[in-house]
Structures are given as structure tokens and as C-alpha cells.
Amino acid sequence: MSVMLGIDPGLAITGFGFVEQVAGTLKPITWGAITTPANTPLGERLATVYADLTSLIQRYQPTHMAVESLFFNTNVRTAFLVGQARGVVLLAGQQAGLSVADYTPLQVKQGVTGYGSADKKQVQYMVKHLLGLSEIPKPDDVADALAVAVCGLTAVK
């Protein structure tokens, strides 16, 4: 049995999803978002992401972590902030002793839908379908994190 923690990193919203694979069947465990207020100092926001994620890892004991890699962003400031949040996510996983993998948005789309050019709605539909959810998780960062977890589980041998 593998328990995958999927992460869609961000400074304002870091989506997370824990999914297990039992006898080839994907089962969602829990999902949600770590949020930080925009008016909070950067160091405090990063500390919140790290502390909350560390707590979730301790509680749900995943065996692996899959993180969406940063895609090019035309807003350089936003890209740097997301990169910093991604750094604390990777640190939390590494310090917890998890096997950490990195997936591009293209790889996630391919892993979830079988089509690397799938749009966001197609990916969300497949997450809902593959995990047997009654609705698409909100906000989008959470659905994206579950997609990253599914992608990670399809890659774990």
C-alpha cells in the first residue's frame, strides 16, 4: 500500500491531497489547502506552510510525496514567491524522510488524463472520476494537488 501526498505549492494557497493505492484502486484519504493571508510577512507565511504541512505529514504518514514543479510565470515576483513556498514544501518532505518526486504540469495532465494538452476542466473531471468524489474539490489548487498525487501514484512502482 502506498500513500501519496500530492502538493500544488503556492504562497497564498498550497493545495494538498493524500491518496492511497490499494490493490490497484485509488482511494482519497483527505484533501484541503494551507492558506496564508497576503498582509502577513513573508517569513511568517513560509513558516505557516512548513508547520502545517509537517503536521499533516505526521498525522497521515504518507510514504511518498509528489510536488508540481514551477512553470514559467510572466509575473516574476509571483514566480519567486511560489518558488519559495515550493522550497519549504520540499524541505518538509525531505525532513520527514519521504520519497519526493517532482512533476511538470504536462506530466500531471498526461498521468491523469492520458493527454498532455488536457485543459483544467478535463483534469478536474478525471480527478473526480478516478477518486470517486461526488464533486470537484475547490479551490482549484486542491483539485490540482489531488491530480499530482494521482500522477505520482501512477509513477510509483
# chains A, B, ... in the order shown; residues from 1 in each chain; ligands from 1

$ closest_atom_pairs --of "range 80-152 of chain A" --to "range 48-62 of chain A" --cutoff "9 Å" --atoms "only C-alpha atoms" --output "tab-separated table"
residue	atom	partner	partner_atom	distance
A:Ala85	CA	A:Val49	CA	7.2
A:Val88	CA	A:Tyr50	CA	5.7
A:Val89	CA	A:Tyr50	CA	6.4
A:Leu91	CA	A:Tyr50	CA	8.1
A:Ala92	CA	A:Thr54	CA	5.9
A:Gly93	CA	A:Thr54	CA	7.9
A:Gln95	CA	A:Thr54	CA	9.0
A:Ala96	CA	A:Ile57	CA	7.5
A:Leu98	CA	A:Pro62	CA	7.5

$ residues_around --residues "Leu133 in chain A" --least-positions-apart "5" --cutoff "9 Å" --atoms "only C-alpha atoms" --output "PyMOL selection string"
chain A and resi 28+127-128

$ write_last_selection --atoms "N, CA, C and O atoms" --output "PDB file, in the first residue's frame"
ATOM      1  N   PRO A  28      -9.095   8.304  -2.015  1.00  0.00           N
ATOM      2  CA  PRO A  28      -8.707   9.557  -1.370  1.00  0.00           C
ATOM      3  C   PRO A  28      -8.798   9.417   0.146  1.00  0.00           C
ATOM      4  O   PRO A  28      -9.713   8.782   0.669  1.00  0.00           O
ATOM      5  N   VAL A 127      -9.945  13.682 -12.010  1.00  0.00           N
ATOM      6  CA  VAL A 127      -9.661  13.544 -10.573  1.00  0.00           C
ATOM      7  C   VAL A 127     -10.923  13.095  -9.848  1.00  0.00           C
ATOM      8  O   VAL A 127     -10.913  12.151  -9.058  1.00  0.00           O
ATOM      9  N   LYS A 128     -12.014  13.755 -10.134  1.00  0.00           N
ATOM     10  CA  LYS A 128     -13.305  13.402  -9.523  1.00  0.00           C
ATOM     11  C   LYS A 128     -13.665  11.948  -9.839  1.00  0.00           C
ATOM     12  O   LYS A 128     -14.040  11.173  -8.955  1.00  0.00           O
TER      13      LYS A 128
END

$ closest_atom_pairs --of "range 132-154 of chain A" --to "range 6-19 of chain A" --cutoff "10 Å" --atoms "only C-alpha atoms" --output "JSON lines"
{"residue": "A:Lys138", "atom": "CA", "partner": "A:Gly15", "partner_atom": "CA", "distance": 9.5}
{"residue": "A:Pro139", "atom": "CA", "partner": "A:Gly15", "partner_atom": "CA", "distance": 8.2}
{"residue": "A:Asp140", "atom": "CA", "partner": "A:Gly15", "partner_atom": "CA", "distance": 8.2}
{"residue": "A:Asp141", "atom": "CA", "partner": "A:Gly15", "partner_atom": "CA", "distance": 4.7}
{"residue": "A:Val142", "atom": "CA", "partner": "A:Gly15", "partner_atom": "CA", "distance": 4.3}
{"residue": "A:Ala143", "atom": "CA", "partner": "A:Gly15", "partner_atom": "CA", "distance": 7.7}
{"residue": "A:Asp144", "atom": "CA", "partner": "A:Asp8", "partner_atom": "CA", "distance": 6.1}
{"residue": "A:Ala145", "atom": "CA", "partner": "A:Ile7", "partner_atom": "CA", "distance": 4.6}
{"residue": "A:Leu146", "atom": "CA", "partner": "A:Gly17", "partner_atom": "CA", "distance": 4.8}
{"residue": "A:Ala147", "atom": "CA", "partner": "A:Gly6", "partner_atom": "CA", "distance": 7.4}
{"residue": "A:Val148", "atom": "CA", "partner": "A:Gly6", "partner_atom": "CA", "distance": 5.0}
{"residue": "A:Ala149", "atom": "CA", "partner": "A:Gly6", "partner_atom": "CA", "distance": 3.9}
{"residue": "A:Val150", "atom": "CA", "partner": "A:Val19", "partner_atom": "CA", "distance": 7.2}
{"residue": "A:Cys151", "atom": "CA", "partner": "A:Gly6", "partner_atom": "CA", "distance": 8.6}
{"residue": "A:Gly152", "atom": "CA", "partner": "A:Gly6", "partner_atom": "CA", "distance": 7.5}
{"residue": "A:Leu153", "atom": "CA", "partner": "A:Val19", "partner_atom": "CA", "distance": 8.3}

$ write_last_selection --atoms "N, CA and C atoms" --output "PDB file, in the first residue's frame"
ATOM      1  N   LYS A 138     -12.609  22.092  -4.360  1.00  0.00           N
ATOM      2  CA  LYS A 138     -12.339  23.525  -4.512  1.00  0.00           C
ATOM      3  C   LYS A 138     -11.465  23.972  -3.359  1.00  0.00           C
ATOM      4  N   PRO A 139     -10.642  24.978  -3.513  1.00  0.00           N
ATOM      5  CA  PRO A 139     -10.350  25.695  -4.747  1.00  0.00           C
ATOM      6  C   PRO A 139      -9.567  24.821  -5.723  1.00  0.00           C
ATOM      7  N   ASP A 140      -9.279  25.375  -6.899  1.00  0.00           N
ATOM      8  CA  ASP A 140      -8.571  24.629  -7.948  1.00  0.00           C
ATOM      9  C   ASP A 140      -7.253  24.047  -7.462  1.00  0.00           C
ATOM     10  N   ASP A 141      -6.586  24.730  -6.531  1.00  0.00           N
ATOM     11  CA  ASP A 141      -5.294  24.254  -6.016  1.00  0.00           C
ATOM     12  C   ASP A 141      -5.431  22.883  -5.359  1.00  0.00           C
ATOM     13  N   VAL A 142      -6.576  22.620  -4.761  1.00  0.00           N
ATOM     14  CA  VAL A 142      -6.809  21.333  -4.098  1.00  0.00           C
ATOM     15  C   VAL A 142      -7.014  20.239  -5.145  1.00  0.00           C
ATOM     16  N   ALA A 143      -7.819  20.522  -6.158  1.00  0.00           N
ATOM     17  CA  ALA A 143      -8.006  19.556  -7.248  1.00  0.00           C
ATOM     18  C   ALA A 143      -6.668  19.284  -7.940  1.00  0.00           C
ATOM     19  N   ASP A 144      -5.865  20.335  -8.107  1.00  0.00           N
ATOM     20  CA  ASP A 144      -4.545  20.168  -8.726  1.00  0.00           C
ATOM     21  C   ASP A 144      -3.647  19.285  -7.862  1.00  0.00           C
ATOM     22  N   ALA A 145      -3.690  19.454  -6.550  1.00  0.00           N
ATOM     23  CA  ALA A 145      -2.872  18.640  -5.645  1.00  0.00           C
ATOM     24  C   ALA A 145      -3.280  17.167  -5.726  1.00  0.00           C
ATOM     25  N   LEU A 146      -4.576  16.903  -5.794  1.00  0.00           N
ATOM     26  CA  LEU A 146      -5.034  15.520  -5.942  1.00  0.00           C
ATOM     27  C   LEU A 146      -4.573  14.941  -7.279  1.00  0.00           C
ATOM     28  N   ALA A 147      -4.578  15.763  -8.325  1.00  0.00           N
ATOM     29  CA  ALA A 147      -4.081  15.313  -9.627  1.00  0.00           C
ATOM     30  C   ALA A 147      -2.602  14.965  -9.538  1.00  0.00           C
ATOM     31  N   VAL A 148      -1.832  15.760  -8.816  1.00  0.00           N
ATOM     32  CA  VAL A 148      -0.399  15.485  -8.641  1.00  0.00           C
ATOM     33  C   VAL A 148      -0.226  14.169  -7.884  1.00  0.00           C
ATOM     34  N   ALA A 149      -1.049  13.929  -6.870  1.00  0.00           N
ATOM     35  CA  ALA A 149      -0.978  12.663  -6.118  1.00  0.00           C
ATOM     36  C   ALA A 149      -1.292  11.476  -7.020  1.00  0.00           C
ATOM     37  N   VAL A 150      -2.331  11.598  -7.829  1.00  0.00           N
ATOM     38  CA  VAL A 150      -2.690  10.508  -8.759  1.00  0.00           C
ATOM     39  C   VAL A 150      -1.541  10.271  -9.727  1.00  0.00           C
ATOM     40  N   CYS A 151      -0.976  11.324 -10.268  1.00  0.00           N
ATOM     41  CA  CYS A 151       0.163  11.206 -11.179  1.00  0.00           C
ATOM     42  C   CYS A 151       1.315  10.491 -10.485  1.00  0.00           C
ATOM     43  N   GLY A 152       1.605  10.886  -9.265  1.00  0.00           N
ATOM     44  CA  GLY A 152       2.686  10.264  -8.505  1.00  0.00           C
ATOM     45  C   GLY A 152       2.455   8.786  -8.267  1.00  0.00           C
ATOM     46  N   LEU A 153       1.214   8.421  -7.976  1.00  0.00           N
ATOM     47  CA  LEU A 153       0.909   7.019  -7.730  1.00  0.00           C
ATOM     48  C   LEU A 153       1.011   6.184  -8.992  1.00  0.00           C
TER      49      LEU A 153
END

$ residues_around --residues "Ser2 in chain A" --least-positions-apart "5" --cutoff "8 Å" --atoms "only C-alpha atoms" --output "list in words"
Glu20, Gln21, Val22, Pro62, Thr63, His64 and Leu153 of chain A

$ select_by_dssp --residues "chain A" --states "strand (DSSP E)" --output "PyMOL selection string"
chain A and resi 2-8+13-22+25-35+64-68+99-103

$ closest_residue --among "A:Met1, A:Val123, A:Met65, A:Leu42" --to "Gly97 in chain A" --atoms "only C-alpha atoms"
A:Met65

$ closest_residue --among "A:Gly87, A:Ser99, A:Ser69, A:Phe80" --to "Val3 in chain A" --atoms "only C-alpha atoms"
A:Ser99

$ select_by_dssp --residues "chain A" --states "alpha helix (DSSP H)" --output "VMD selection string"
chain A and resid 42 to 60 76 to 95 105 to 113 120 to 131 140 to 155

$ atom_distance --atom1 "CA of Leu131 in chain A" --atom2 "CA of Arg86 in chain A"
25.2 Å

$ closest_residue --among "A:Met4, A:Leu70, A:Val112, A:Ala155" --to "Trp31 in chain A" --atoms "only C-alpha atoms"
A:Met4

$ closest_residue --among "A:Gly132, A:Pro41, A:Gly116, A:Pro105" --to "Leu26 in chain A" --atoms "only C-alpha atoms"
A:Gly132
